[in-house]
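A.B. asks: Coordinates in model00.cif, mmCIF, C-alpha atoms and all ligand atoms, are listed below.
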data_model
#
loop_
_atom_site.label_atom_id
_atom_site.label_comp_id
_atom_site.auth_asym_id
_atom_site.auth_seq_id
_atom_site.Cartn_x
_atom_site.Cartn_y
_atom_site.Cartn_z
CA MET T 238 0.00 0.00 0.00
CA GLU T 239 3.01 2.26 -0.28
CA THR T 240 1.87 4.52 -3.13
CA VAL T 241 -1.65 4.75 -1.69
CA THR T 242 -0.28 5.63 1.75
CA LEU T 243 2.15 8.25 0.44
CA THR T 244 -0.49 9.84 -1.81
CA PHE T 245 -2.94 9.95 1.09
CA ALA T 246 -0.32 11.57 3.36
CA TRP T 247 0.57 14.19 0.72
CA LEU T 248 -3.05 15.18 0.04
CA CYS T 249 -4.02 15.07 3.73
CA LYS T 250 -1.33 17.58 4.56
CA ILE T 251 -3.01 20.00 2.16
CA VAL T 252 -6.47 19.30 3.64
CA GLU T 253 -5.19 19.81 7.18
CA SER T 254 -3.33 23.01 6.34
CA ASP T 255 -6.32 24.58 4.53
CA TRP T 256 -8.86 23.28 7.04
CA PRO T 257 -7.21 23.10 10.48
CA GLY T 258 -9.06 20.71 12.76
CA ILE T 259 -9.97 18.19 10.08
CA ARG T 260 -8.39 14.83 10.86
CA VAL T 261 -8.75 12.02 8.35
CA ARG T 262 -7.58 8.46 8.67
CA LEU T 263 -6.83 5.92 5.97
CA TYR T 264 -8.52 2.58 6.39
CA LEU T 265 -7.79 -0.59 4.43
CA ASP T 266 -11.04 -2.44 3.70
CA SER T 267 -10.13 -5.97 2.61
CA ASP T 268 -13.75 -7.14 2.43
CA GLN T 269 -14.46 -7.78 -1.26
CA LYS T 270 -18.17 -7.21 -0.66
CA SER T 271 -17.44 -3.53 -0.06
CA PHE T 272 -16.27 -3.11 -3.65
CA LYS T 273 -18.61 -4.89 -6.04
CA LYS T 274 -17.63 -3.24 -9.33
CA PHE T 275 -14.16 -2.84 -10.81
CA ARG T 276 -14.40 0.93 -10.51
CA GLN T 277 -15.23 0.77 -6.80
CA VAL T 278 -11.91 1.06 -4.97
CA ALA T 279 -12.50 3.63 -2.23
CA TYR T 280 -15.17 5.45 -0.24
CA ALA T 281 -15.37 8.26 2.31
CA VAL T 282 -16.95 7.76 5.74
CA ARG T 283 -18.08 10.06 8.50
CA ASP T 284 -19.34 8.34 11.63
CA ARG T 285 -18.92 8.33 15.42
CA SER T 286 -15.25 7.39 15.12
CA GLY T 287 -14.53 10.35 12.84
CA LEU T 288 -13.58 10.83 9.21
CA ARG T 289 -11.86 8.22 7.13
CA VAL T 290 -11.11 7.19 3.58
CA ALA T 291 -11.50 3.45 3.10
CA VAL T 292 -9.60 1.81 0.26
CA SER T 293 -9.59 -1.56 -1.42
CA PRO T 294 -6.23 -3.40 -1.58
CA ARG T 295 -6.70 -3.33 -5.38
CA LEU T 296 -6.09 0.43 -5.48
CA GLU T 297 -2.34 -0.01 -4.94
CA SER T 298 -1.99 -1.87 -8.27
CA MET T 299 -3.58 0.94 -10.27
CA PRO T 300 -1.72 3.73 -12.11
CA LYS T 301 -0.44 6.60 -9.98
CA SER T 302 -2.73 9.02 -11.81
CA VAL T 303 -5.73 6.89 -10.74
CA ILE T 304 -4.54 6.59 -7.14
CA THR T 305 -4.19 10.38 -7.00
CA GLY T 306 -7.55 10.99 -8.73
CA VAL T 307 -9.44 8.55 -6.49
CA MET T 308 -7.83 9.88 -3.28
CA ALA T 309 -8.44 13.50 -4.27
CA HIS T 310 -12.11 12.73 -5.02
CA GLU T 311 -12.64 10.94 -1.68
CA LEU T 312 -10.96 13.77 0.23
CA GLY T 313 -13.30 16.13 -1.64
CA HIS T 314 -16.19 14.21 0.00
CA ILE T 315 -14.44 14.42 3.38
CA VAL T 316 -14.12 18.22 3.16
CA ASP T 317 -17.74 18.43 2.01
CA PHE T 318 -18.78 16.37 5.10
CA ALA T 319 -16.66 18.34 7.54
CA VAL T 320 -16.96 21.98 6.48
CA ALA T 321 -20.14 24.08 6.73
CA GLN T 322 -21.74 25.21 3.44
CA GLU T 323 -20.87 28.86 4.12
CA GLY T 324 -17.18 28.08 4.60
CA LEU T 325 -17.04 26.10 1.40
CA LYS T 326 -18.76 28.87 -0.52
CA GLN T 327 -16.35 31.49 0.82
CA SER T 328 -13.30 29.46 -0.13
CA TYR T 329 -14.36 27.89 -3.38
CA GLY T 330 -17.24 29.98 -4.73
CA ARG T 331 -20.19 28.29 -6.37
CA LEU T 332 -20.06 24.50 -6.24
CA PRO T 333 -22.18 21.88 -8.04
CA GLU T 334 -25.35 20.87 -6.15
CA THR T 335 -24.88 17.12 -6.49
CA PRO T 336 -22.48 15.28 -4.13
CA GLU T 337 -20.24 13.49 -6.63
CA ARG T 338 -19.56 16.52 -8.82
CA ARG T 339 -19.16 18.61 -5.66
CA ALA T 340 -16.45 16.23 -4.43
CA ASP T 341 -14.56 16.67 -7.70
CA ALA T 342 -14.99 20.46 -7.67
CA ILE T 343 -13.77 20.75 -4.07
CA ALA T 344 -10.81 18.46 -4.82
CA GLU T 345 -9.84 20.44 -7.91
CA ARG T 346 -9.87 23.76 -6.05
CA LEU T 347 -8.19 22.39 -2.92
CA PHE T 348 -5.41 20.43 -4.60
CA GLY T 349 -5.05 22.32 -7.90
CA LEU T 350 -5.66 19.10 -9.86
CA LYS T 351 -7.99 18.24 -12.73
CA ILE T 352 -10.14 15.18 -12.05
CA SER T 353 -11.23 13.20 -15.11
CA TYR T 354 -12.69 9.72 -15.66
CA ASP T 355 -10.74 7.06 -17.51
CA LYS T 356 -12.05 4.27 -19.75
CA TYR T 357 -12.91 2.18 -16.67
CA ASP T 358 -14.80 5.15 -15.18
CA LEU T 359 -12.15 5.58 -12.49
CA GLU T 360 -11.14 9.03 -11.29
CA THR T 361 -7.77 10.04 -12.72
CA THR T 362 -5.48 13.04 -12.94
CA GLY T 363 -4.50 11.76 -16.39
CA PRO T 364 -6.48 12.00 -19.64
CA GLY T 365 -10.19 11.19 -19.61
CA THR T 366 -13.72 12.58 -19.58
CA ARG T 367 -14.47 15.66 -17.53
CA PRO T 368 -16.70 16.53 -15.75
CA ARG T 369 -17.91 13.23 -14.20
CA PRO T 370 -20.16 11.32 -16.65
CA LYS T 371 -23.87 11.21 -15.79
CA HIS T 372 -24.16 7.41 -15.87
CA LEU T 373 -21.94 7.20 -12.76
CA GLY T 374 -24.41 9.24 -10.75
CA LEU T 375 -23.78 12.85 -9.98
ZN ZN X 1 -17.70 9.90 -4.73
#
The structure given in the file should be rewritten as structure tokens.
Ligand SMILES: [Zn+2]
C.D. replies:
Amino acid sequence: METVTLTFAWLCKIVESDWPGIRVRLYLDSDQKSFKKFRQVAYAVRDRSGLRVAVSPRLESMPKSVITGVMAHELGHIVDFAVAQEGLKQSYGRLPETPERRADAIAERLFGLKISYDKYDLETTGPGTRPRPKHLGL
């Protein structure tokens, strides 16, 4: 999980410096039932134990651009969960109304990356379709 762990640490540093007080943990979810489709390799959680990004062990074998795209997207959800609407609006201006496109928009502004979707519909910082295609749910 080395690339996944390093990418998470790099992006988390940015989250924590822009939004002091947010603490996110990385969680390895080895249960195959959590990731039914090929494109499902990570998800963001907010519950009683705090904020975390859960990842499938499969993520580590994917291209670096996908690891970065997926992580950035999930951390976009985390910031959306943790920061009040007003704060987000002040920092990032108008954001999409729907959660998945919001996560991408927050990630792009926060990290200075472009999030696209590759031929497997995985988030990537490499070439692909942008914004998120409708058939993935917005
Ligand atoms: Zn998402």
A.B. asks: Report as a JSON list (two decimals) with C-alpha atoms, in the frame of the given file all protein, DNA and RNA residues lying within 9 Å of region 239-244 of chain T, evaluated on only C-alpha atoms, omitting residues in the same chain fewer than 2 positions from it.
C.D. replies:
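Saved the output as selection.json:
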[["chain", "number", "residue", "atom", "x", "y", "z"],
["T", 246, "ALA", "CA", -0.32, 11.57, 3.36],
["T", 247, "TRP", "CA", 0.57, 14.19, 0.72],
["T", 248, "LEU", "CA", -3.05, 15.18, 0.04],
["T", 249, "CYS", "CA", -4.02, 15.07, 3.73],
["T", 263, "LEU", "CA", -6.83, 5.92, 5.97],
["T", 292, "VAL", "CA", -9.60, 1.81, 0.26],
["T", 296, "LEU", "CA", -6.09, 0.43, -5.48],
["T", 297, "GLU", "CA", -2.34, -0.01, -4.94],
["T", 301, "LYS", "CA", -0.44, 6.60, -9.98],
["T", 304, "ILE", "CA", -4.54, 6.59, -7.14],
["T", 305, "THR", "CA", -4.19, 10.38, -7.00],
["T", 308, "MET", "CA", -7.83, 9.88, -3.28]]
A.B. asks: Would you list the contacts of Asp268 (chain T) as a list in words, taking every protein, DNA or RNA residue within 9 Å and counting all atoms listed in the file, but skipping same-chain residues closer than 3 positions in sequence?
C.D. replies: Ser271, Phe272 and Ser293 of chain T
A.B. asks: Hey, what's within 8 Å of Thr361 (chain T) if we count all atoms listed in the file and toss same-chain stuff fewer than 4 positions away? As a VMD selection string, please?
C.D. replies: chain T and resid 302 to 307 352 to 355 365
A.B. asks: Can you list every residue of chain T that has an atom at most 10 Å from ligand ZN 1 (chain X), with its nearest atom pair and the distance in Å to one decimal, using only C-alpha atoms and all ligand atoms, ordered by chain then number, as CSV?
C.D. replies:
residue,atom,partner,partner_atom,distance
T:Gln277,CA,X:ZN1,ZN,9.7
T:Ala279,CA,X:ZN1,ZN,8.5
T:Tyr280,CA,X:ZN1,ZN,6.8
T:Ala281,CA,X:ZN1,ZN,7.6
T:Val307,CA,X:ZN1,ZN,8.6
T:Met308,CA,X:ZN1,ZN,10.0
T:Ala309,CA,X:ZN1,ZN,9.9
T:His310,CA,X:ZN1,ZN,6.3
T:Glu311,CA,X:ZN1,ZN,6.0
T:Leu312,CA,X:ZN1,ZN,9.2
T:Gly313,CA,X:ZN1,ZN,8.2
T:His314,CA,X:ZN1,ZN,6.6
T:Ile315,CA,X:ZN1,ZN,9.8
T:Pro336,CA,X:ZN1,ZN,7.2
T:Glu337,CA,X:ZN1,ZN,4.8
T:Arg338,CA,X:ZN1,ZN,8.0
T:Arg339,CA,X:ZN1,ZN,8.9
T:Ala340,CA,X:ZN1,ZN,6.5
T:Asp341,CA,X:ZN1,ZN,8.0
T:Glu360,CA,X:ZN1,ZN,9.3
T:Leu373,CA,X:ZN1,ZN,9.5
T:Gly374,CA,X:ZN1,ZN,9.0
T:Leu375,CA,X:ZN1,ZN,8.6
A.B. asks: Report, in Å with one decimal, the straight-line distance from CA of Ala291 (chain T) to CA of Leu265 (chain T).
C.D. replies: 5.6 Å
A.B. asks: Neighbouring residues of Gln269 (chain T) were defined as those with any atom within 10 Å, considering all atoms listed in the file; residues of the same chain fewer than 6 positions away were excluded. Please report them as a compact mmCIF listing (two decimals) with C-alpha atoms, keeping the file's coordinate frame.
C.D. replies:
# COMPACT_ATOMS: atom_id res chain seq x y z
CA VAL T 278 -11.91 1.06 -4.97
CA SER T 293 -9.59 -1.56 -1.42
CA PRO T 294 -6.23 -3.40 -1.58
CA ARG T 295 -6.70 -3.33 -5.38
A.B. asks: So, counting all atoms listed in the file, which residue among T:Met238, T:Leu350, T:Val320, T:Leu325 is closest to Ser298 (chain T)?
C.D. replies: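 Between T:Met238, T:Leu350, T:Val320, T:Leu325, the residue approaching Ser298 (chain T) most closely is T:Met238.
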A.B. asks: Tell me which protein, DNA and RNA residues are within 12 Å of Ser286 (chain T), counting all atoms listed in the file, leaving out same-chain ones fewer than 6 positions away, and put them as a count of residues only.
C.D. replies: 3
A.B. asks: In Å to one decimal, how far is CA of Arg276 (chain T) from CA of Tyr329 (chain T)?
C.D. replies: 27.9 Å
A.B. asks: For CA of Tyr264 (chain T) and CA of Val290 (chain T), quote the distance in Å rounded to one decimal.
C.D. replies: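 These two atoms are separated by 6.0 Å.
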A.B. asks: Please return region 264-280 of chain T, rebuilt to N, CA and C atoms, as a PDB file, keeping the file's coordinate frame.
C.D. replies:
ATOM      1  N   TYR T 264      -8.066   3.873   5.877  1.00  0.00           N
ATOM      2  CA  TYR T 264      -8.520   2.580   6.390  1.00  0.00           C
ATOM      3  C   TYR T 264      -8.514   1.564   5.253  1.00  0.00           C
ATOM      4  N   LEU T 265      -7.844   0.454   5.457  1.00  0.00           N
ATOM      5  CA  LEU T 265      -7.790  -0.590   4.430  1.00  0.00           C
ATOM      6  C   LEU T 265      -8.982  -1.529   4.626  1.00  0.00           C
ATOM      7  N   ASP T 266      -9.852  -1.577   3.643  1.00  0.00           N
ATOM      8  CA  ASP T 266     -11.040  -2.440   3.700  1.00  0.00           C
ATOM      9  C   ASP T 266     -10.790  -3.648   2.799  1.00  0.00           C
ATOM     10  N   SER T 267     -10.467  -4.777   3.393  1.00  0.00           N
ATOM     11  CA  SER T 267     -10.130  -5.970   2.610  1.00  0.00           C
ATOM     12  C   SER T 267     -11.347  -6.833   2.287  1.00  0.00           C
ATOM     13  N   ASP T 268     -12.529  -6.385   2.693  1.00  0.00           N
ATOM     14  CA  ASP T 268     -13.750  -7.140   2.430  1.00  0.00           C
ATOM     15  C   ASP T 268     -14.198  -6.895   0.974  1.00  0.00           C
ATOM     16  N   GLN T 269     -14.121  -7.938   0.166  1.00  0.00           N
ATOM     17  CA  GLN T 269     -14.460  -7.780  -1.260  1.00  0.00           C
ATOM     18  C   GLN T 269     -15.889  -7.313  -1.468  1.00  0.00           C
ATOM     19  N   LYS T 270     -16.762  -7.614  -0.516  1.00  0.00           N
ATOM     20  CA  LYS T 270     -18.170  -7.210  -0.660  1.00  0.00           C
ATOM     21  C   LYS T 270     -18.347  -5.695  -0.624  1.00  0.00           C
ATOM     22  N   SER T 271     -17.343  -4.986  -0.101  1.00  0.00           N
ATOM     23  CA  SER T 271     -17.440  -3.530  -0.060  1.00  0.00           C
ATOM     24  C   SER T 271     -17.228  -2.900  -1.433  1.00  0.00           C
ATOM     25  N   PHE T 272     -16.643  -3.672  -2.334  1.00  0.00           N
ATOM     26  CA  PHE T 272     -16.270  -3.110  -3.650  1.00  0.00           C
ATOM     27  C   PHE T 272     -16.752  -4.056  -4.744  1.00  0.00           C
ATOM     28  N   LYS T 273     -18.013  -3.909  -5.123  1.00  0.00           N
ATOM     29  CA  LYS T 273     -18.610  -4.890  -6.040  1.00  0.00           C
ATOM     30  C   LYS T 273     -18.143  -4.718  -7.481  1.00  0.00           C
ATOM     31  N   LYS T 274     -18.027  -3.472  -7.928  1.00  0.00           N
ATOM     32  CA  LYS T 274     -17.630  -3.240  -9.330  1.00  0.00           C
ATOM     33  C   LYS T 274     -16.143  -2.923  -9.405  1.00  0.00           C
ATOM     34  N   PHE T 275     -15.580  -3.119 -10.610  1.00  0.00           N
ATOM     35  CA  PHE T 275     -14.160  -2.840 -10.810  1.00  0.00           C
ATOM     36  C   PHE T 275     -13.811  -1.411 -10.421  1.00  0.00           C
ATOM     37  N   ARG T 276     -14.715  -0.471 -10.761  1.00  0.00           N
ATOM     38  CA  ARG T 276     -14.400   0.930 -10.510  1.00  0.00           C
ATOM     39  C   ARG T 276     -14.519   1.327  -9.038  1.00  0.00           C
ATOM     40  N   GLN T 277     -15.068   0.439  -8.216  1.00  0.00           N
ATOM     41  CA  GLN T 277     -15.230   0.770  -6.800  1.00  0.00           C
ATOM     42  C   GLN T 277     -13.972   0.359  -6.029  1.00  0.00           C
ATOM     43  N   VAL T 278     -13.166   1.345  -5.663  1.00  0.00           N
ATOM     44  CA  VAL T 278     -11.910   1.060  -4.970  1.00  0.00           C
ATOM     45  C   VAL T 278     -11.716   1.883  -3.698  1.00  0.00           C
ATOM     46  N   ALA T 279     -12.636   2.797  -3.431  1.00  0.00           N
ATOM     47  CA  ALA T 279     -12.500   3.630  -2.230  1.00  0.00           C
ATOM     48  C   ALA T 279     -13.839   4.282  -1.899  1.00  0.00           C
ATOM     49  N   TYR T 280     -13.988   4.677  -0.631  1.00  0.00           N
ATOM     50  CA  TYR T 280     -15.170   5.450  -0.240  1.00  0.00           C
ATOM     51  C   TYR T 280     -14.826   6.283   1.002  1.00  0.00           C
TER      52      TYR T 280
END
